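**Q** Provided herewith: query-v4.cif, mmCIF, C-alpha atoms.
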data_upload
#
loop_
_atom_site.label_atom_id
_atom_site.label_comp_id
_atom_site.auth_asym_id
_atom_site.auth_seq_id
_atom_site.Cartn_x
_atom_site.Cartn_y
_atom_site.Cartn_z
CA MET A 1 64.12 20.71 -58.55
CA LYS A 2 61.07 22.77 -57.76
CA THR A 3 59.01 20.73 -60.23
CA LYS A 4 60.01 17.45 -58.52
CA THR A 5 59.13 18.87 -55.12
CA ALA A 6 55.71 20.01 -56.35
CA GLN A 7 55.05 16.58 -57.84
CA THR A 8 56.06 14.90 -54.59
CA ASN A 9 53.75 17.17 -52.58
CA GLN A 10 50.91 16.47 -54.99
CA ALA A 11 51.46 12.71 -54.65
CA ILE A 12 51.47 13.03 -50.87
CA LYS A 13 48.20 14.95 -50.95
CA ILE A 14 46.58 12.35 -53.19
CA GLN A 15 47.74 9.51 -50.95
CA THR A 16 46.56 11.32 -47.84
CA SER A 17 43.16 11.89 -49.45
CA ARG A 18 42.92 8.21 -50.32
CA ILE A 19 43.78 7.19 -46.78
CA LYS A 20 41.11 9.54 -45.40
CA THR A 21 38.54 8.13 -47.83
CA ILE A 22 39.41 4.56 -46.80
CA LYS A 23 39.13 5.49 -43.10
CA ILE A 24 35.75 7.14 -43.64
CA GLN A 25 34.46 4.13 -45.58
CA THR A 26 35.80 1.73 -42.94
CA SER A 27 34.18 3.79 -40.20
CA LYS A 28 30.83 3.74 -42.02
CA VAL A 29 31.03 -0.03 -42.44
CA GLN A 30 31.85 -0.51 -38.78
CA THR A 31 29.05 1.84 -37.74
CA SER A 32 26.62 -0.02 -39.99
CA LYS A 33 27.69 -3.36 -38.48
CA ILE A 34 27.27 -1.99 -34.96
CA GLN A 35 23.81 -0.66 -35.77
CA THR A 36 22.86 -3.99 -37.36
CA CYS A 37 24.03 -5.84 -34.25
CA LYS A 38 22.11 -3.45 -32.00
CA THR A 39 18.98 -3.83 -34.12
CA HIS A 40 19.31 -7.61 -34.03
CA ALA A 41 19.82 -7.57 -30.26
CA THR A 42 16.80 -5.31 -29.87
CA LYS A 43 14.66 -7.68 -31.94
CA ILE A 44 15.82 -10.66 -29.87
CA GLN A 45 15.06 -8.79 -26.65
CA ALA A 46 11.63 -7.78 -27.96
CA ALA A 47 10.90 -11.37 -28.98
CA LYS A 48 11.88 -12.61 -25.51
CA LEU A 49 9.68 -10.01 -23.84
CA GLN A 50 6.77 -10.91 -26.11
CA ALA A 51 7.23 -14.62 -25.41
CA ALA A 52 7.31 -13.94 -21.66
CA LYS A 53 4.20 -11.76 -21.96
CA THR A 54 2.37 -14.44 -23.94
CA ALA A 55 3.36 -17.14 -21.43
CA ARG A 56 2.11 -14.98 -18.55
CA ARG A 57 -1.15 -14.30 -20.38
CA ASP A 58 -1.71 -18.00 -21.10
CA ARG A 59 -1.02 -18.89 -17.46
CA ILE A 60 -3.51 -16.29 -16.25
CA VAL A 61 -6.12 -17.53 -18.73
CA LEU A 62 -5.74 -21.15 -17.61
CA GLU A 63 -6.02 -20.16 -13.95
CA HIS A 64 -9.26 -18.22 -14.53
CA LEU A 65 -11.13 -20.57 -16.87
CA PRO A 66 -13.42 -21.64 -13.98
CA LEU A 67 -14.42 -17.98 -13.60
CA VAL A 68 -15.55 -17.94 -17.25
CA LYS A 69 -17.68 -21.05 -16.73
CA ALA A 70 -19.27 -19.61 -13.58
CA ILE A 71 -20.20 -16.31 -15.27
CA ALA A 72 -21.49 -18.10 -18.38
CA ILE A 73 -23.74 -20.30 -16.23
CA ARG A 74 -25.15 -17.27 -14.40
CA VAL A 75 -25.97 -15.53 -17.67
CA HIS A 76 -27.36 -18.73 -19.22
CA GLU A 77 -29.86 -19.16 -16.39
CA ASN A 78 -31.81 -16.13 -17.65
CA LEU A 79 -31.76 -17.02 -21.35
CA PRO A 80 -34.10 -19.03 -23.59
CA VAL A 81 -33.42 -22.76 -23.63
CA HIS A 82 -32.15 -22.78 -27.22
CA VAL A 83 -29.11 -20.63 -26.35
CA ASP A 84 -26.13 -22.99 -26.04
CA LEU A 85 -24.02 -22.67 -22.88
CA ASP A 86 -20.87 -23.67 -24.78
CA ASP A 87 -21.31 -20.66 -27.06
CA LEU A 88 -21.38 -18.38 -24.02
CA VAL A 89 -18.28 -20.05 -22.56
CA HIS A 90 -16.44 -19.59 -25.88
CA ALA A 91 -17.30 -15.89 -25.94
CA GLY A 92 -16.28 -15.58 -22.29
CA VAL A 93 -12.89 -17.17 -22.99
CA LEU A 94 -12.27 -14.58 -25.71
CA GLY A 95 -13.14 -11.89 -23.17
CA LEU A 96 -10.70 -13.48 -20.71
CA PHE A 97 -7.91 -13.39 -23.31
CA ASP A 98 -8.68 -9.73 -23.93
CA ALA A 99 -8.61 -8.98 -20.22
CA ALA A 100 -5.31 -10.85 -19.75
CA GLY A 101 -3.74 -8.90 -22.59
CA LYS A 102 -4.89 -5.48 -21.36
CA PHE A 103 -4.55 -5.99 -17.60
CA ASN A 104 -2.26 -3.51 -15.85
CA PRO A 105 -1.08 -4.82 -12.44
CA ASP A 106 0.25 -1.36 -11.53
CA LYS A 107 -3.32 -0.16 -10.95
CA GLN A 108 -3.56 -2.31 -7.80
CA VAL A 109 -6.74 -4.07 -8.93
CA ALA A 110 -7.24 -7.83 -8.55
CA PHE A 111 -7.25 -9.51 -11.96
CA SER A 112 -10.39 -11.52 -11.19
CA SER A 113 -12.35 -8.32 -10.49
CA TYR A 114 -11.09 -6.71 -13.70
CA ALA A 115 -11.64 -9.83 -15.81
CA LYS A 116 -15.15 -10.50 -14.51
CA HIS A 117 -16.54 -7.41 -16.23
CA ARG A 118 -14.62 -8.11 -19.45
CA ILE A 119 -15.87 -11.69 -19.57
CA LYS A 120 -19.50 -10.78 -18.96
CA GLY A 121 -19.26 -7.95 -21.48
CA ALA A 122 -17.90 -10.32 -24.14
CA ILE A 123 -20.73 -12.79 -23.46
CA LEU A 124 -23.38 -10.08 -23.74
CA ASP A 125 -21.79 -8.79 -26.95
CA SER A 126 -21.95 -12.29 -28.44
CA LEU A 127 -25.65 -12.49 -27.56
CA ARG A 128 -26.32 -9.20 -29.29
CA GLN A 129 -24.56 -10.49 -32.40
CA LEU A 130 -26.33 -13.83 -32.20
CA ASP A 131 -29.78 -12.20 -31.82
CA TRP A 132 -32.12 -14.89 -30.53
CA ALA A 133 -34.65 -14.34 -33.31
CA SER A 134 -33.62 -13.30 -36.80
CA ARG A 135 -35.02 -10.12 -38.32
CA ASP A 136 -37.09 -12.24 -40.70
CA LEU A 137 -38.77 -14.09 -37.83
CA ARG A 138 -39.47 -10.85 -36.00
CA ARG A 139 -41.06 -9.46 -39.15
CA ARG A 140 -43.25 -12.57 -39.44
CA HIS A 141 -44.22 -12.25 -35.80
CA LYS A 142 -45.42 -8.69 -36.35
CA GLN A 143 -47.40 -9.81 -39.40
CA VAL A 144 -49.06 -12.62 -37.42
CA GLU A 145 -49.97 -10.26 -34.57
CA ALA A 146 -51.40 -7.67 -36.96
CA ALA A 147 -53.48 -10.24 -38.88
CA THR A 148 -54.79 -11.84 -35.69
CA ARG A 149 -55.80 -8.49 -34.18
CA GLU A 150 -57.54 -7.40 -37.37
CA LEU A 151 -59.47 -10.68 -37.71
CA ALA A 152 -60.42 -10.68 -34.02
CA ALA A 153 -61.81 -7.15 -34.34
CA THR A 154 -63.78 -8.07 -37.46
CA LEU A 155 -65.09 -11.48 -36.31
CA GLN A 156 -65.51 -10.53 -32.64
CA ARG A 157 -63.80 -13.77 -31.67
CA THR A 158 -60.41 -15.44 -31.81
CA PRO A 159 -59.67 -16.40 -35.43
CA THR A 160 -58.94 -20.01 -36.41
CA GLU A 161 -55.71 -21.28 -37.95
CA SER A 162 -57.18 -21.39 -41.44
CA GLU A 163 -58.57 -17.86 -41.14
CA VAL A 164 -55.22 -16.41 -40.06
CA ALA A 165 -53.40 -18.40 -42.75
CA GLN A 166 -55.82 -17.14 -45.39
CA LYS A 167 -55.37 -13.58 -44.16
CA LEU A 168 -51.60 -13.94 -44.52
CA GLY A 169 -51.99 -15.57 -47.93
CA ILE A 170 -50.29 -18.86 -46.99
CA GLU A 171 -51.29 -22.50 -46.62
CA VAL A 172 -52.31 -23.85 -43.21
CA ASP A 173 -49.30 -26.19 -43.13
CA ARG A 174 -47.00 -23.22 -43.76
CA TRP A 175 -48.80 -21.32 -41.00
CA ARG A 176 -48.24 -24.16 -38.54
CA GLN A 177 -44.53 -24.35 -39.42
CA MET A 178 -44.26 -20.60 -38.89
CA MET A 179 -45.80 -20.97 -35.43
CA VAL A 180 -43.28 -23.69 -34.57
CA ASP A 181 -40.43 -21.39 -35.64
CA LEU A 182 -41.77 -18.53 -33.56
CA ARG A 183 -42.21 -20.76 -30.51
CA SER A 184 -38.65 -22.11 -30.85
CA VAL A 185 -37.19 -18.65 -30.37
CA GLY A 186 -39.62 -17.61 -27.65
CA LEU A 187 -41.52 -14.97 -29.62
CA ILE A 188 -44.87 -16.57 -28.74
CA SER A 189 -45.97 -18.70 -25.83
CA ALA A 190 -45.40 -22.40 -26.26
CA SER A 191 -48.73 -23.08 -24.54
CA SER A 192 -50.81 -20.92 -26.90
CA ARG A 193 -53.59 -22.71 -28.81
CA THR A 194 -55.95 -21.74 -31.58
CA ALA A 195 -59.70 -21.25 -31.00
CA GLU A 196 -60.71 -24.68 -32.30
CA HIS A 197 -58.38 -26.33 -29.78
CA ASP A 198 -59.33 -24.29 -26.72
CA ASP A 199 -60.89 -27.33 -25.10
CA LEU A 200 -57.60 -29.28 -25.23
CA PRO A 201 -54.95 -29.17 -22.50
CA ALA A 202 -51.80 -27.16 -23.10
CA PRO A 203 -49.22 -29.03 -25.18
CA ASP A 204 -46.41 -30.80 -23.36
CA PHE A 205 -42.83 -29.65 -23.90
CA PRO A 206 -39.60 -30.97 -22.33
CA SER A 207 -38.64 -29.02 -19.25
CA LYS A 208 -35.31 -27.30 -18.87
CA PRO A 209 -32.55 -29.55 -17.44
CA GLU A 210 -32.30 -27.43 -14.28
CA THR A 211 -36.00 -28.00 -13.51
CA GLN A 212 -35.84 -31.78 -13.80
CA PRO A 213 -36.04 -33.69 -10.48
CA ASP A 214 -32.65 -35.43 -10.73
CA HIS A 215 -30.88 -32.16 -11.49
CA MET A 216 -32.68 -30.35 -8.66
CA CYS A 217 -31.78 -33.13 -6.25
CA SER A 218 -28.12 -33.05 -7.28
CA HIS A 219 -28.10 -29.28 -6.95
CA GLU A 220 -29.44 -29.46 -3.41
CA GLN A 221 -26.89 -32.13 -2.50
CA MET A 222 -24.10 -29.94 -3.82
CA ARG A 223 -25.40 -26.94 -1.86
CA SER A 224 -25.50 -29.06 1.29
CA VAL A 225 -21.94 -30.32 0.86
CA LEU A 226 -20.65 -26.83 0.08
CA GLY A 227 -22.46 -25.56 3.18
CA VAL A 228 -20.60 -28.08 5.32
CA ALA A 229 -17.29 -27.05 3.75
CA MET A 230 -18.15 -23.37 4.33
CA LYS A 231 -18.68 -23.96 8.06
CA THR A 232 -15.07 -25.10 8.41
CA LEU A 233 -13.85 -21.64 7.36
CA PRO A 234 -13.18 -18.71 9.70
CA GLU A 235 -16.04 -16.23 9.91
CA ARG A 236 -14.32 -13.59 7.76
CA TYR A 237 -13.57 -16.19 5.08
CA GLN A 238 -17.23 -17.24 5.07
CA LYS A 239 -18.32 -13.63 4.60
CA VAL A 240 -15.99 -13.16 1.63
CA VAL A 241 -17.24 -16.31 -0.12
CA PHE A 242 -20.89 -15.49 0.60
CA LEU A 243 -20.68 -11.88 -0.58
CA TYR A 244 -18.71 -12.79 -3.71
CA TYR A 245 -20.78 -15.75 -4.93
CA THR A 246 -24.23 -15.12 -3.46
CA ASN A 247 -24.41 -11.33 -3.58
CA GLU A 248 -22.14 -11.12 -6.65
CA MET A 249 -20.15 -8.26 -5.14
CA THR A 250 -16.72 -7.22 -6.40
CA MET A 251 -13.55 -7.65 -4.36
CA LYS A 252 -13.42 -3.88 -3.91
CA GLU A 253 -16.98 -3.73 -2.58
CA ILE A 254 -16.31 -6.60 -0.18
CA GLY A 255 -13.16 -4.86 1.03
CA GLY A 256 -15.18 -1.75 1.79
CA ILE A 257 -17.61 -3.76 3.92
CA LEU A 258 -14.92 -5.67 5.82
CA GLY A 259 -12.55 -2.69 6.14
CA ILE A 260 -9.66 -4.31 4.26
CA ASN A 261 -8.03 -3.63 0.90
CA GLU A 262 -8.93 -5.41 -2.31
CA SER A 263 -5.68 -7.38 -2.43
CA ARG A 264 -6.38 -8.85 1.01
CA VAL A 265 -9.90 -9.84 -0.06
CA SER A 266 -8.41 -11.65 -3.07
CA GLN A 267 -5.99 -13.52 -0.79
CA ILE A 268 -8.80 -14.54 1.59
CA HIS A 269 -10.95 -15.67 -1.36
CA LYS A 270 -8.17 -17.83 -2.78
CA SER A 271 -7.32 -19.31 0.62
CA ALA A 272 -11.02 -20.02 1.35
CA LEU A 273 -11.43 -21.95 -1.91
CA GLU A 274 -8.30 -23.96 -1.20
CA LYS A 275 -9.53 -24.85 2.29
CA MET A 276 -12.96 -25.83 0.96
CA GLN A 277 -11.33 -27.95 -1.73
CA VAL A 278 -9.40 -29.87 0.93
CA VAL A 279 -12.63 -30.55 2.85
CA LEU A 280 -14.47 -31.66 -0.30
CA GLN A 281 -11.64 -33.94 -1.38
CA ALA A 282 -11.57 -35.46 2.09
CA ASN A 283 -15.20 -36.39 1.48
CA GLY A 284 -14.36 -37.97 -1.87
CA ILE A 285 -15.58 -35.05 -4.02
CA ASP A 286 -13.11 -33.90 -6.67
CA SER A 287 -15.52 -32.04 -8.98
CA VAL A 288 -19.18 -31.20 -9.55
CA ARG A 289 -19.40 -34.31 -11.72
CA ALA A 290 -19.58 -36.26 -8.47
CA PHE A 291 -23.20 -35.12 -8.30
#
I'd like the structure from this file rewritten - as structure tokens, please.

**A**
Amino acid sequence: MKTKTAQTNQAIKIQTSRIKTIKIQTSKVQTSKIQTCKTHATKIQAAKLQAAKTARRDRIVLEHLPLVKAIAIRVHENLPVHVDLDDLVHAGVLGLFDAAGKFNPDKQVAFSSYAKHRIKGAILDSLRQLDWASRDLRRRHKQVEAATRELAATLQRTPTESEVAQKLGIEVDRWRQMMVDLRSVGLISASSRTAEHDDLPAPDFPSKPETQPDHMCSHEQMRSVLGVAMKTLPERYQKVVFLYYTNEMTMKEIGGILGINESRVSQIHKSALEKMQVVLQANGIDSVRAF
């Protein structure tokens, strides 16, 4: 009797242990499923947030593309003619993307003010990488200068093409091609002439587009039309536009002058452009291409 009871108790213990094991395993499976679901939900939420962030960034970039073009044009005005404006715009757009991705609206700074510095910085960085004249051309330029100075000191006059070419150990044709290369990147004056051609007038070269009569005329017409549109604005609006575009001041600096916060300056600036656009469109002008 005692043996049967002991066997029954042992069987009960074994069964109870099995049930506990099954419960533990079931609990682990359920916990794993819950964690998997939470992880999946987290990934979906993160993907939605990233998509919303990307959409916001793209919208901001599209709205501020005109700012990139304006900054690129300002920088291009002070560069040699061979630097392509489109290259500057491309670099500026990359800077705009960077600004849109890193912009923090909680800092109470207008995006245009923040982006302006990023865009210009990206353009200047691209120019440093581009380097208007290669290192090889700069080295040649130094060689030409050294040879010319040495010959001038020895001959007591300006050396001829053939004399400089001989000094450098190259043919005259190669020397002339070198001079063309140096002129093309602005390392020497385009109007410079050798001694044997001193009696000839300076060579003719195409002028920059902005110095051509038709371009200058169109530019003055555009300034006149914009001036008329400006006069339709309230005085404070005119000051904001003038200080921002003519004096190239930031929204914060303008706010300090007018005694208003940066956000209000941004609102006035946007409203002023919209009002000017209405006036221009009323006069049949939809873009600068009208000029």

**Q** Go ahead and compute the interatomic distance for CA of Val68 (chain A) and CA of Asn261 (chain A), in Å to one decimal.

**A** 24.3 Å

**Q** With a distance cut-off of 10 Å and all atoms listed in the file, select the neighbouring residues of Gly95 (chain A), excluding the residue or stretch itself and same-chain residues fewer than 2 positions from it, and output the selection as a list in words.

**A**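 Once the nearby chain positions are removed, what remains is Val68, Val89, His90, Ala91, Gly92, Val93, Phe97, Asp98, Ala99, Ala100, Gly101, Ala115, Lys116, His117, Arg118, Ile119, Lys120, Gly121, Ala122, Ile123 and Asp125 of chain A.
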
**Q** So which residues touch Val75 (chain A) within 9 Å, counting only C-alpha atoms, skipping near sequence neighbours fewer than 3 positions away, as a PyMOL selection string?

**A** chain A and resi 70-72+78-79+88+120+123-124

**Q** Smallest atom-to-atom distance to Asp84 (chain A): which of A:Ser126, A:Thr36, A:Thr158, A:Ser113, using all atoms listed in the file?

**A**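 So, comparing all the options, the nearest one is A:Ser126.
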
**Q** Taking all atoms of region 278-286 of chain A that the file lists, what box with edges along x, y and z, padded by 8 Å per side, do you get, with centre and edge lengths in Å to one decimal, as AutoDock Vina command-line options?

**A**
--center_x -12.5 --center_y -33.9 --center_z -1.9 --size_x 22.2 --size_y 24.1 --size_z 25.5

**Q** Taking (-19.3, -34.0, 4.9) in the file's coordinates as the center, which residues reach within 10 Å of it, counting all atoms listed in the file, put as a list of chain:residue names?

**A**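 These residues have at least one counted atom within 10 Å: A:Ser224, A:Val225, A:Leu226, A:Gly227, A:Val228, A:Ala229, A:Val279, A:Leu280, A:Gln281, A:Ala282, A:Asn283, A:Gly284, A:Ile285.
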
**Q** Tell me, in Å to one decimal, how far CA of Glu262 (chain A) is from CA of Asn104 (chain A).

**A** 15.2 Å

**Q** To one decimal in Å, tell me the separation between CA of Lys270 (chain A) and CA of Asp87 (chain A).

**A**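 According to the coordinates, CA of Lys270 (chain A) and CA of Asp87 (chain A) are separated by 27.8 Å.
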
**Q** Apply the PyMOL selection byres ((chain A and resi 165-172) around 12) to the file shown and report the selected residues as a PyMOL selection string.

**A** chain A and resi 140-152+159-164+173-179+194
